[in-house]
2 protein chains.
Amino acid sequence: MSEIKALLFDVFGTVVDWRTSLIDNFTAWGKEKGINGDWVGLVDAWRGAYMPSMDEVRKHPERGFVILDDLQRQSIEPLAARLGITGLTSADFDYLTRGWHSLHPWPDSVAGLTRLKTKFIIGPLSNGNVALLTNMAKFAGLPWDIVLSAEIFEHYKPDREAYLGAAKILGLTPGEVMLVAAHNNDLAAAHNFGLKTAFVPRPTEYGPLQNRDFGPEGSWDYVVKDFNDLADKLGC
Amino acid sequence: MSEIKALLFDVFGTVVDWRTSLIDNFTAWGKEKGINGDWVGLVDAWRGAYMPSMDEVRKHPERGFVILDDLQRQSIEPLAARLGITGLTSADFDYLTRGWHSLHPWPDSVAGLTRLKTKFIIGPLSNGNVALLTNMAKFAGLPWDIVLSAEIFEHYKPDREAYLGAAKILGLTPGEVMLVAAHNNDLAAAHNFGLKTAFVPRPTEYGPLQNRDFGPEGSWDYVVKDFNDLADKLGC
């Protein structure tokens, strides 16, 4: 096994609890603004629109790469209308979209990353855009060395360009990079392109809707309980 | 004055003392390897080749962007030959090139950046490639939030794409970003493209060869003694 030099992390679900963070944020905000709405339904539907919106970018390279903030902003208006949440202004939709910049980490994330940083280069490798990831890191105290994003490679995961571009820009071979993720499909892609893999379960990510990723579904290099367990196993 | 949200730093000369670091590194290494050479002359000549090598990239966009590590690796061999430093293998030239990844910060750099990070997004905006800047940050303890490089924008400073690309990828207006640099020409470009500017003198950067940048040569937004002085002035 070649020496691992960088650990790259999937972010939404792996490092941060997007669902609870957004639901709590929007519920408090709606109460303050006097806007009633099925915020839980909106957040779940919004996440449901995430993959199809990236597929559209993939299918239409001639339109150029579109960052996640813009995809989320485009998705939210029709979803709110469908759920009967009315009276939202353009600034309100901007606020909701910006909610993705202020997500709370899982309880072990910051402590585990801080330990892992002592021995490895650590960074996100996320479909979130650079500004989103940078603002989130400041908000949540994520101690990244670098911020790597689909935006830099102009390809969303699981496209090969995202994984191989990340290794290349770090001056490393794919085997010197390990992806840490709570999603088996992300790890399968990373593994196919020669990266090392670590699975961490986040069984409450989707709340009652969670129907997968309760355990590893591949021969990943590491299967850990959480980021502190990963730090233990990697000798940090 | 619009609110400054991110501070981006020129790196070579502004954050790190490349000249003393390289001379000390190569002198010790040469002694160990039994290779005699005018290391001071080599380092100064190498730095002299830096601007022309980037100009070549600028003049030949059809060749694609070439990262700084590769430019430095190309420059070093003929320079060593010209200075009569013989017996260097390809691995030796790789070692010398890699020297740019391990540069020591000025005495105020880490303390000042640590203070500035409490209030602002901080990152390099350097012609060094991402791997170089990432490795340097680990080596020198530079607490960057993000690593921005000419490599990401495929344009070397002072091209507009580097400055405006940096603001855009952070989701900020140019006026919300301030460039901190020891070089008036870098600040002049940043100012032309709408960024805020801060000058910090590094009068020993070029050693006895220094012939410019002893003081500000433009109406920069801030002129400071060092990074701690900048932190004072920005209320950190």
# chains A, B, ... in the order shown; residues from 1 in each chain; ligands from 1
>>> residues_around(residues="Trp220 of chain B", least_positions_apart="3", cutoff="7 Å", atoms="only C-alpha atoms", output="ChimeraX atom specification")
/B:197-199,223
>>> write_last_selection(atoms="N, CA and C atoms", output="tab-separated table (two decimals), in the first residue's frame")
chain	number	residue	atom	x	y	z
B	197	THR	N	-6.00	47.08	-1.30
B	197	THR	CA	-4.56	46.82	-1.32
B	197	THR	C	-3.90	47.16	0.01
B	198	ALA	N	-2.94	46.32	0.40
B	198	ALA	CA	-2.14	46.59	1.60
B	198	ALA	C	-0.67	46.29	1.28
B	199	PHE	N	0.18	47.25	1.57
B	199	PHE	CA	1.62	47.09	1.32
B	199	PHE	C	2.35	46.80	2.63
B	223	VAL	N	-0.83	50.76	4.49
B	223	VAL	CA	0.62	50.59	4.46
B	223	VAL	C	1.00	50.22	5.88
>>> interface_residues(of="chain B", to="chain A", cutoff="8 Å", atoms="only C-alpha atoms", output="number ranges by chain")
B: 121, 129-131, 134, 137-138, 143-147, 152, 169-171
>>> closest_residue(among="A:Asp17, A:Asp38, A:Glu161, A:Glu205", to="Pro174 of chain A", atoms="only C-alpha atoms")
A:Glu161
>>> select_by_dssp(residues="segment 30-198 of chain A", states="alpha helix (DSSP H)", output="MDAnalysis selection string")
chainID A and resid 30:33 39:48 50:59 68:82 90:98 109:116 130:140 150:153 160:169 184:192
>>> write_last_selection(atoms="C-alpha atoms", output="CSV table (one decimal), in the first residue's frame")
chain,number,residue,atom,x,y,z
A,30,GLY,CA,-39.9,31.1,9.2
A,31,LYS,CA,-41.2,31.7,12.7
A,32,GLU,CA,-39.3,35.0,12.9
A,33,LYS,CA,-40.6,36.1,9.4
A,39,TRP,CA,-39.7,23.2,6.0
A,40,VAL,CA,-38.9,19.5,6.5
A,41,GLY,CA,-40.6,18.7,3.2
A,42,LEU,CA,-38.8,21.5,1.5
A,43,VAL,CA,-35.4,20.4,2.7
A,44,ASP,CA,-36.0,16.8,1.7
A,45,ALA,CA,-37.4,17.8,-1.7
A,46,TRP,CA,-34.5,20.1,-2.3
A,47,ARG,CA,-32.0,17.4,-1.6
A,48,GLY,CA,-33.9,15.2,-4.0
A,50,TYR,CA,-29.6,17.8,-6.1
A,51,MET,CA,-28.5,14.8,-8.3
A,52,PRO,CA,-30.8,15.6,-11.2
A,53,SER,CA,-29.6,19.2,-11.3
A,54,MET,CA,-25.9,18.0,-11.5
A,55,ASP,CA,-26.9,15.6,-14.2
A,56,GLU,CA,-28.2,18.5,-16.3
A,57,VAL,CA,-24.8,20.1,-16.0
A,58,ARG,CA,-23.2,16.8,-17.0
A,59,LYS,CA,-25.5,16.4,-20.0
A,68,LEU,CA,-23.9,24.3,-6.8
A,69,ASP,CA,-25.1,27.6,-5.3
A,70,ASP,CA,-26.7,28.5,-8.6
A,71,LEU,CA,-28.2,25.0,-9.1
A,72,GLN,CA,-29.7,25.2,-5.6
A,73,ARG,CA,-31.1,28.7,-6.2
A,74,GLN,CA,-32.7,27.5,-9.4
A,75,SER,CA,-34.3,24.4,-7.8
A,76,ILE,CA,-35.7,26.1,-4.7
A,77,GLU,CA,-38.4,28.4,-6.2
A,78,PRO,CA,-40.5,25.7,-8.0
A,79,LEU,CA,-40.1,23.4,-5.0
A,80,ALA,CA,-41.4,26.0,-2.6
A,81,ALA,CA,-44.3,26.7,-5.0
A,82,ARG,CA,-45.1,23.0,-5.2
A,90,SER,CA,-36.0,36.8,-4.2
A,91,ALA,CA,-33.9,37.8,-1.2
A,92,ASP,CA,-35.7,35.1,0.9
A,93,PHE,CA,-34.7,32.5,-1.7
A,94,ASP,CA,-31.2,33.8,-1.6
A,95,TYR,CA,-31.2,33.4,2.2
A,96,LEU,CA,-32.5,29.8,2.0
A,97,THR,CA,-29.8,29.0,-0.6
A,98,ARG,CA,-27.2,30.6,1.6
A,109,SER,CA,-16.0,16.1,12.8
A,110,VAL,CA,-13.9,19.0,14.2
A,111,ALA,CA,-12.0,16.9,16.8
A,112,GLY,CA,-11.3,14.2,14.3
A,113,LEU,CA,-10.2,16.5,11.5
A,114,THR,CA,-7.9,18.4,13.9
A,115,ARG,CA,-6.2,15.1,14.8
A,116,LEU,CA,-5.9,14.0,11.2
A,130,VAL,CA,-15.5,27.0,-3.2
A,131,ALA,CA,-17.3,29.9,-1.6
A,132,LEU,CA,-19.8,27.6,0.0
A,133,LEU,CA,-17.1,25.3,1.4
A,134,THR,CA,-15.0,28.2,2.6
A,135,ASN,CA,-17.8,29.9,4.4
A,136,MET,CA,-18.9,26.6,5.9
A,137,ALA,CA,-15.4,26.0,7.2
A,138,LYS,CA,-15.4,29.4,8.9
A,139,PHE,CA,-18.9,28.8,10.3
A,140,ALA,CA,-18.3,25.3,11.5
A,150,ALA,CA,-16.0,20.2,-8.2
A,151,GLU,CA,-15.9,23.9,-9.2
A,152,ILE,CA,-12.2,23.8,-9.6
A,153,PHE,CA,-12.3,20.8,-11.9
A,160,ARG,CA,-13.3,11.0,-12.9
A,161,GLU,CA,-12.0,14.5,-13.4
A,162,ALA,CA,-13.0,15.4,-9.9
A,163,TYR,CA,-11.0,12.6,-8.2
A,164,LEU,CA,-8.0,12.6,-10.6
A,165,GLY,CA,-8.0,16.4,-10.7
A,166,ALA,CA,-7.7,16.5,-7.0
A,167,ALA,CA,-4.7,14.1,-6.9
A,168,LYS,CA,-3.0,16.0,-9.7
A,169,ILE,CA,-3.4,19.5,-8.2
A,184,ASN,CA,-20.7,4.0,-1.0
A,185,ASN,CA,-21.2,5.3,-4.6
A,186,ASP,CA,-18.7,8.1,-4.0
A,187,LEU,CA,-16.2,5.6,-2.6
A,188,ALA,CA,-16.8,3.2,-5.5
A,189,ALA,CA,-15.9,6.0,-8.0
A,190,ALA,CA,-12.8,7.0,-6.0
A,191,HIS,CA,-11.8,3.3,-5.8
A,192,ASN,CA,-12.2,2.9,-9.6
>>> atom_distance(atom1="atom CA of Pro216 of chain A", atom2="atom CA of Phe193 of chain A")
18.3 Å
>>> closest_residue(among="A:Gly34, A:Gly194, A:Leu7, A:Gly64", to="Ala231 of chain A", atoms="only C-alpha atoms")
A:Leu7
>>> select_by_dssp(residues="segment 94-146 of chain A", states="strand (DSSP E)", output="PyMOL selection string")
chain A and resi 121-126
>>> write_last_selection(atoms="N, CA and C atoms", output="compact mmCIF listing (two decimals), in the first residue's frame")
# COMPACT_ATOMS: atom_id res chain seq x y z
N ILE A 121 -2.38 16.05 4.80
CA ILE A 121 -3.09 17.18 4.18
C ILE A 121 -4.57 16.82 4.22
N ILE A 122 -5.40 17.72 4.73
CA ILE A 122 -6.84 17.44 4.76
C ILE A 122 -7.61 18.53 4.01
N GLY A 123 -8.63 18.09 3.29
CA GLY A 123 -9.46 19.05 2.57
C GLY A 123 -10.76 18.41 2.15
N PRO A 124 -11.75 19.24 1.85
CA PRO A 124 -12.96 18.69 1.26
C PRO A 124 -12.70 18.32 -0.20
N LEU A 125 -13.44 17.33 -0.70
CA LEU A 125 -13.56 17.13 -2.14
C LEU A 125 -15.06 16.98 -2.36
N SER A 126 -15.67 18.10 -2.61
CA SER A 126 -17.13 18.22 -2.51
C SER A 126 -17.71 18.80 -3.79
>>> atom_distance(atom1="atom CA of Asp226 of chain A", atom2="atom CA of Phe12 of chain A")
14.9 Å
>>> atom_distance(atom1="atom CA of Glu3 of chain A", atom2="atom CA of Val177 of chain A")
8.6 Å
>>> decode(residues="segment 179-211 of chain B", atoms="N, CA and C atoms", output="compact mmCIF listing (two decimals), in the first residue's frame")
# COMPACT_ATOMS: atom_id res chain seq x y z
N LEU B 179 -5.68 42.48 -1.41
CA LEU B 179 -4.39 41.82 -1.64
C LEU B 179 -3.35 42.42 -0.71
N VAL B 180 -2.61 41.57 -0.05
CA VAL B 180 -1.51 42.00 0.81
C VAL B 180 -0.21 41.57 0.12
N ALA B 181 0.67 42.53 -0.15
CA ALA B 181 1.88 42.19 -0.90
C ALA B 181 3.02 43.13 -0.57
N ALA B 182 4.22 42.63 -0.79
CA ALA B 182 5.44 43.42 -0.60
C ALA B 182 5.91 44.02 -1.92
N HIS B 183 5.11 43.85 -2.97
CA HIS B 183 5.52 44.28 -4.31
C HIS B 183 4.51 45.26 -4.89
N ASN B 184 5.00 46.44 -5.22
CA ASN B 184 4.11 47.49 -5.72
C ASN B 184 3.44 47.11 -7.04
N ASN B 185 4.12 46.34 -7.90
CA ASN B 185 3.50 46.00 -9.19
C ASN B 185 2.31 45.06 -9.02
N ASP B 186 2.40 44.16 -8.06
CA ASP B 186 1.29 43.25 -7.75
C ASP B 186 0.10 44.07 -7.24
N LEU B 187 0.38 45.00 -6.34
CA LEU B 187 -0.68 45.84 -5.77
C LEU B 187 -1.30 46.75 -6.83
N ALA B 188 -0.47 47.23 -7.74
CA ALA B 188 -1.00 48.10 -8.80
C ALA B 188 -2.00 47.34 -9.65
N ALA B 189 -1.69 46.09 -9.98
CA ALA B 189 -2.62 45.28 -10.77
C ALA B 189 -3.90 45.02 -9.98
N ALA B 190 -3.75 44.61 -8.73
CA ALA B 190 -4.93 44.35 -7.89
C ALA B 190 -5.82 45.59 -7.80
N HIS B 191 -5.19 46.73 -7.61
CA HIS B 191 -5.93 47.99 -7.52
C HIS B 191 -6.67 48.30 -8.83
N ASN B 192 -6.00 48.08 -9.94
CA ASN B 192 -6.64 48.31 -11.25
C ASN B 192 -7.88 47.46 -11.45
N PHE B 193 -7.87 46.27 -10.88
CA PHE B 193 -9.01 45.37 -11.08
C PHE B 193 -10.04 45.48 -9.95
N GLY B 194 -9.85 46.46 -9.07
CA GLY B 194 -10.89 46.77 -8.10
C GLY B 194 -10.72 46.18 -6.72
N LEU B 195 -9.59 45.49 -6.49
CA LEU B 195 -9.35 44.93 -5.16
C LEU B 195 -8.81 46.01 -4.24
N LYS B 196 -8.98 45.81 -2.94
CA LYS B 196 -8.30 46.64 -1.95
C LYS B 196 -6.83 46.20 -1.88
N THR B 197 -6.00 47.08 -1.30
CA THR B 197 -4.56 46.82 -1.32
C THR B 197 -3.90 47.16 0.01
N ALA B 198 -2.94 46.32 0.40
CA ALA B 198 -2.14 46.59 1.60
C ALA B 198 -0.67 46.29 1.28
N PHE B 199 0.18 47.25 1.57
CA PHE B 199 1.62 47.09 1.32
C PHE B 199 2.35 46.80 2.63
N VAL B 200 3.20 45.78 2.58
CA VAL B 200 4.07 45.48 3.72
C VAL B 200 5.50 45.41 3.19
N PRO B 201 6.41 46.21 3.72
CA PRO B 201 7.77 46.19 3.19
C PRO B 201 8.53 44.95 3.64
N ARG B 202 9.26 44.36 2.72
CA ARG B 202 10.16 43.24 3.06
C ARG B 202 11.51 43.59 2.47
N PRO B 203 12.20 44.56 3.09
CA PRO B 203 13.37 45.18 2.47
C PRO B 203 14.59 44.27 2.34
N THR B 204 14.55 43.09 2.94
CA THR B 204 15.69 42.18 2.80
C THR B 204 15.37 41.00 1.88
N GLU B 205 14.21 41.04 1.22
CA GLU B 205 13.80 39.90 0.39
C GLU B 205 14.89 39.48 -0.59
N TYR B 206 15.43 40.47 -1.32
CA TYR B 206 16.44 40.16 -2.35
C TYR B 206 17.87 40.28 -1.84
N GLY B 207 18.03 40.40 -0.52
CA GLY B 207 19.37 40.53 0.03
C GLY B 207 20.04 41.78 -0.52
N PRO B 208 21.35 41.69 -0.81
CA PRO B 208 22.07 42.88 -1.30
C PRO B 208 21.61 43.32 -2.68
N LEU B 209 20.84 42.47 -3.36
CA LEU B 209 20.37 42.81 -4.71
C LEU B 209 19.09 43.64 -4.70
N GLN B 210 18.50 43.83 -3.53
CA GLN B 210 17.20 44.53 -3.50
C GLN B 210 17.37 45.97 -3.99
N ASN B 211 16.56 46.32 -4.98
CA ASN B 211 16.65 47.68 -5.52
C ASN B 211 15.29 48.35 -5.66
